[in-house]
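Student: First the structure, then my questions, so here it is.
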Amino acid sequence: MEPPEVALVAGEPSGDLLGSHVVAELLRRLPGLGCAGIGGQRLREAGLRAWWNSERLAVNGFAAVLPRLPELLWIRWRLGQRLLARPPRVFVGVDAPDFNLALEARLRVAGIPTVHMVSPSIWAWRRERIQGIERAVDHLLCVFPFEPRLYEGTRVRASYIGHPLAEVIPQHPDAADARLRLGLGAPAGGVLAVLPGSRAGEVQHIAGPFFDAAARLQRQRAMTVVVAAAHAGLLPALRRAAARHPGLQLHWVLGDSHAVLQACDLALVASGTATLECALFKRPMVIGYRLPWLSWRLMKDRGYLPWVGLPNILAGEGLVDELLQQGCTGEALARHAGQLLDDAPRRDRLRQRFSEMHASLLRPTAALAAQAIAEAGGLRTPAGGAR
C-alpha cells in the first residue's frame with residue numbers, strides 16, 4: 001500500500017472534530033488524496049484511514065498520564081517508525097501537543113514538512129514550550145486571533161485561520177428545532193445541558209458534582225436535563241454517577257453535543273473546547289472542572305491567566321462563572337446556575353458578547369488550513385496548480 005500523502009494525528013474528540021473539516025476540504029480539493037494516521041469517528045467519516053483511534057491518546061492531567069505513559073510512548077515511536085520508513089508529503093498535528101510536538105520534531109529532522117493546527121496554550125501556561133515548537137513546526141495554524149503575535153521574532157511561521165467551529169455553528173441557532181430533533185417538546189421548566197467532559201479521567205472527577213447540580217435544579221425548577229455523552233465508552237461511568245441520584249430524570253444523547261447545546265437554556269460544561277462551543281451557540285453556562293490533586297497543583301503553579309474557560313480567555317474578563325477543584329460542588333454549581341437563570345439582563349449581555357466572539361473567530365478556516373497543508377506538502381496537479 002502506498003504511503004499517505006498526508007499523515008495526521010488528532011488526540012481527542014475536539015481535535016477529531018477540528019481535523020475532520022480540514023480533511024474533508026483537502027479531499028474536496030484533491031480527490032483521491034491519501035490521508036492516514038490517528039483519528040476518531042469524525043475523521044474516519046471525513047476520509048482518514050485511522051491506524052489507531054484517537055481515544056487511545058485522550059488522557060486527563062499529569063497524574064493520569066503516568067500509568068498510560070508506556071503505551072503512549074510506544075504508539076508515538078511506532079508511528080514515527082512507520083512514517084520515517086514511508087514518508088508522507090506532509091505531517092499534520094491537530095492539537096495534542098504533548099504527543100505531537102516530539103513526533104513533529106523527529107519527522108522534521110528527517111525532512112518531512114510539519115504543520116501544527118491549534119497553538120499550544122503558551123499564553124496560559126508552559127511558556128518555555130515555545131522553543132520546542134520552533135524545533136518541531138514549520139507552519140503553525142492558530143485558531144485564536146491573538147496567537148500569531150506571540151510567535152513574532154521566532155522561527156515559527158504562524159497564521160491565524162479562524163476557528164473551525166465558528167463556521168460550523170450557526171450564528172443564530174434555533175432552539176425549538178433542536179428540541180424537536182431530540183424529542184424534547186417544549187419543556188415548561190427549561191432545558192439544562194450537562195457536558196461533563198470527553199475523556200474518562202474528566203468524567204471520573206466531574207460527573208458527580210454535575211449530576212448533583214442537575215438533580216438540585218430539576219427539583220427546584222422542574223428542568224429537563226439532557227446529558228451529552230461524547231462517545232459510548234463514557235456511558236457506563238456516566239450512568240453509575242447518575243444512579244447516585246435515583247429521582248433524577250435524564251435524556252441521554254450520544255455524540256451530538258451540538259444539538260444538546262442548541263436546545264438548552266443553560267449548560268453545565270467541563271472546561272475545554274465545549275465551553276467555546278457553548279459560547280458560539282450563544283448559551284449561558286457555568287464552567288466546572290476538577291483534576292487529580294497532583295495534576296491540579298502542577299498546573300495551578302504554572303498558570304499565567306486568572307481563567308481556564310475559553311470564553312473568559314477570549315474576552316479578557318470573567319464573563320462566565322468558573323468553579324474549579326474544591327469549589328466545583330453540586331451545591332455551588334446549582335446556585336450559580338440558578339442565579340444566572342434568574343438574571344435576564346446578564347444573559348442578554350452574555351449573548352451579545354458571544355455574538356461578537358463568534359464574528360471574531362469566523363474565517364474560511366477549513367479552506368485556509370487545507371491551502372497551508374497543500375503548500376507545505378507541495379501537493380500540485382500535473383499542470384502545476386494546487387490539486
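By order of appearance in the C-alpha cells: chains A, B, ..., then residues from 1 within every chain, and ligands from 1 in the order shown.
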Run DSSP on the backbone and give me the residues of region 78-297 of chain A it puts in strand (DSSP E), as a VMD selection string.
Tutor: chain A and resid 90 to 94 114 to 117 139 to 142 157 to 160 191 to 195 224 to 229 250 to 254 266 to 270 285 to 289
Student: Could you write out that same residue set with C-alpha atoms as a compact mmCIF listing (two decimals), in the first residue's frame?
Tutor:
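Writing done, so here's part.txt:
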```txt
# COMPACT_ATOMS: atom_id res chain seq x y z
CA VAL A 90 3.41 16.46 4.93
CA PHE A 91 2.58 15.70 8.56
CA VAL A 92 -0.28 17.50 10.32
CA GLY A 93 -0.61 17.51 14.11
CA VAL A 94 -4.02 18.62 15.37
CA THR A 114 5.24 19.68 9.57
CA VAL A 115 2.07 21.69 10.06
CA HIS A 116 0.57 22.01 13.53
CA MET A 117 -3.06 23.05 13.90
CA HIS A 139 3.79 26.24 9.89
CA LEU A 140 1.57 26.83 12.92
CA LEU A 141 -2.14 27.34 12.21
CA CYS A 142 -3.64 29.41 15.03
CA ARG A 157 5.55 30.81 10.74
CA ALA A 158 2.24 31.41 12.50
CA SER A 159 -1.03 32.17 10.66
CA TYR A 160 -4.48 32.93 12.00
CA VAL A 191 -33.63 22.64 29.32
CA LEU A 192 -30.37 22.10 31.20
CA ALA A 193 -27.46 20.65 29.23
CA VAL A 194 -24.84 18.60 31.08
CA LEU A 195 -21.47 18.19 29.35
CA THR A 224 -35.46 18.85 31.63
CA VAL A 225 -31.88 17.58 31.90
CA VAL A 226 -30.08 16.43 28.75
CA VAL A 227 -26.70 14.69 29.06
CA ALA A 228 -24.30 14.87 26.12
CA ALA A 229 -22.03 11.79 26.17
CA LEU A 250 -32.27 12.28 32.26
CA HIS A 251 -32.45 12.45 28.50
CA TRP A 252 -29.30 10.85 27.07
CA VAL A 253 -27.72 11.97 23.78
CA LEU A 254 -24.69 10.18 22.35
CA LEU A 266 -28.26 26.84 30.19
CA ALA A 267 -25.34 24.42 30.30
CA LEU A 268 -23.03 22.93 32.91
CA VAL A 269 -19.79 22.48 30.97
CA ALA A 270 -16.41 20.96 31.75
CA MET A 285 -23.14 28.43 31.04
CA VAL A 286 -21.40 27.60 34.28
CA ILE A 287 -17.96 26.05 33.89
CA GLY A 288 -16.84 23.36 36.32
CA TYR A 289 -13.62 21.39 36.44
```
Student: Would you give me, as a tab-separated table, each residue of region 115-187 of chain A having an atom within 12 Å of an atom of region 337-353 of chain A, along with its shortest atom pair and that distance in Å to one decimal, using only C-alpha atoms and sorting by chain and residue number?
Tutor:
```
residue	atom	partner	partner_atom	distance
A:Gln171	CA	A:Arg351	CA	10.9
A:His172	CA	A:Arg351	CA	10.6
A:Pro173	CA	A:Arg351	CA	11.6
```
Student: When DSSP is applied to the backbone of this structure, which of region 156-252 of chain A are assigned alpha helix (DSSP H)? Write them out as a VMD selection string.
Tutor: chain A and resid 164 to 168 175 to 182 200 to 221 235 to 243
Student: Restricting the output to C-alpha atoms, write the selected residues as a PDB file, in the first residue's frame.
Tutor:
```pdb
ATOM      1  CA  PRO A 164     -13.480  25.766  12.501  1.00  0.00           C
ATOM      2  CA  LEU A 165     -16.370  25.717  14.946  1.00  0.00           C
ATOM      3  CA  ALA A 166     -17.275  29.310  14.055  1.00  0.00           C
ATOM      4  CA  GLU A 167     -18.065  28.114  10.529  1.00  0.00           C
ATOM      5  CA  VAL A 168     -19.968  25.026  11.627  1.00  0.00           C
ATOM      6  CA  ALA A 175     -33.507  26.057  20.000  1.00  0.00           C
ATOM      7  CA  ALA A 176     -37.007  24.900  19.010  1.00  0.00           C
ATOM      8  CA  ASP A 177     -35.669  22.975  16.021  1.00  0.00           C
ATOM      9  CA  ALA A 178     -33.026  21.220  18.135  1.00  0.00           C
ATOM     10  CA  ARG A 179     -35.595  20.316  20.797  1.00  0.00           C
ATOM     11  CA  LEU A 180     -37.822  18.825  18.122  1.00  0.00           C
ATOM     12  CA  ARG A 181     -34.939  16.729  16.742  1.00  0.00           C
ATOM     13  CA  LEU A 182     -34.073  15.499  20.240  1.00  0.00           C
ATOM     14  CA  ALA A 200     -12.683   9.089  31.060  1.00  0.00           C
ATOM     15  CA  GLY A 201     -10.495  10.922  33.583  1.00  0.00           C
ATOM     16  CA  GLU A 202     -12.639  14.044  33.321  1.00  0.00           C
ATOM     17  CA  VAL A 203     -15.870  12.120  33.791  1.00  0.00           C
ATOM     18  CA  GLN A 204     -14.445  10.384  36.840  1.00  0.00           C
ATOM     19  CA  HIS A 205     -13.901  13.690  38.626  1.00  0.00           C
ATOM     20  CA  ILE A 206     -16.637  15.899  37.159  1.00  0.00           C
ATOM     21  CA  ALA A 207     -19.746  13.756  36.609  1.00  0.00           C
ATOM     22  CA  GLY A 208     -20.522  13.521  40.337  1.00  0.00           C
ATOM     23  CA  PRO A 209     -20.913  17.239  41.053  1.00  0.00           C
ATOM     24  CA  PHE A 210     -22.550  17.873  37.672  1.00  0.00           C
ATOM     25  CA  PHE A 211     -25.285  15.295  38.303  1.00  0.00           C
ATOM     26  CA  ASP A 212     -25.703  16.550  41.869  1.00  0.00           C
ATOM     27  CA  ALA A 213     -26.277  20.058  40.487  1.00  0.00           C
ATOM     28  CA  ALA A 214     -28.645  18.728  37.828  1.00  0.00           C
ATOM     29  CA  ALA A 215     -30.710  16.907  40.464  1.00  0.00           C
ATOM     30  CA  ARG A 216     -30.980  20.080  42.550  1.00  0.00           C
ATOM     31  CA  LEU A 217     -32.020  22.189  39.560  1.00  0.00           C
ATOM     32  CA  GLN A 218     -34.559  19.595  38.471  1.00  0.00           C
ATOM     33  CA  ARG A 219     -36.125  19.516  41.936  1.00  0.00           C
ATOM     34  CA  GLN A 220     -36.133  23.317  42.277  1.00  0.00           C
ATOM     35  CA  ARG A 221     -37.190  24.302  38.748  1.00  0.00           C
ATOM     36  CA  LEU A 235     -21.715   5.796  29.164  1.00  0.00           C
ATOM     37  CA  PRO A 236     -21.042   3.204  31.918  1.00  0.00           C
ATOM     38  CA  ALA A 237     -19.245   5.735  34.146  1.00  0.00           C
ATOM     39  CA  LEU A 238     -21.834   8.414  33.452  1.00  0.00           C
ATOM     40  CA  ARG A 239     -24.724   6.088  34.264  1.00  0.00           C
ATOM     41  CA  ARG A 240     -23.046   5.000  37.510  1.00  0.00           C
ATOM     42  CA  ALA A 241     -22.630   8.638  38.554  1.00  0.00           C
ATOM     43  CA  ALA A 242     -26.242   9.437  37.636  1.00  0.00           C
ATOM     44  CA  ALA A 243     -27.536   6.411  39.557  1.00  0.00           C
TER      45      ALA A 243
END
```
Student: Compile the contact shell of Phe354 (chain A) as a PyMOL selection string: residues with an atom at most 9 Å away, counting only C-alpha atoms, same-chain residues fewer than 2 positions apart removed.
Tutor: chain A and resi 279-283+311+349-352+356-359
Student: Residues within 9 Å of region 16-27 of chain A, please, as a PyMOL selection string. Count only C-alpha atoms; anything in the same chain fewer than 3 positions from it doesn't count.
Tutor: chain A and resi 8-13+30-35+39-48+54+94+117+163-165+365-371+373-374
Student: Rank nothing, just name the residue among A:Val6, A:Ala230, A:Ile161, A:Leu84 nearest to Arg49 (chain A), using only C-alpha atoms.
Tutor: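 Of A:Val6, A:Ala230, A:Ile161, A:Leu84, the one nearest Arg49 (chain A) is A:Val6, counting only C-alpha atoms.
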Student: Please indicate the distance in Å from CA of Ala136 (chain A) to CA of Glu104 (chain A), rounded to one decimal place.
Tutor: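 Those two atoms sit 5.0 Å apart.
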Student: Can you measure CA of Leu72 (chain A) to CA of Trp52 (chain A) for me? One decimal in Å is fine.
Tutor: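 Distance reported for this atom pair: 11.3 Å.
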Student: Which one is closest to Asn100 (chain A): A:Ala7, A:Ala36, A:Leu379, A:Leu248? Count only C-alpha atoms.
Tutor: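 The shortest atom-to-atom distance to Asn100 (chain A) comes from A:Ala7.
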Student: Quick one: of A:Met223, A:Val260, A:Ala274, A:Ile133, who's nearest to Gly15 (chain A), counting only C-alpha atoms?
Tutor: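 So, comparing all the options, the nearest one is A:Ala274.
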Student: My list of candidates is A:Gly162, A:Pro170, A:Gly309, A:Pro120. Which is closest to Ala96 (chain A) when distances are computed with only C-alpha atoms?
Tutor: A:Pro120
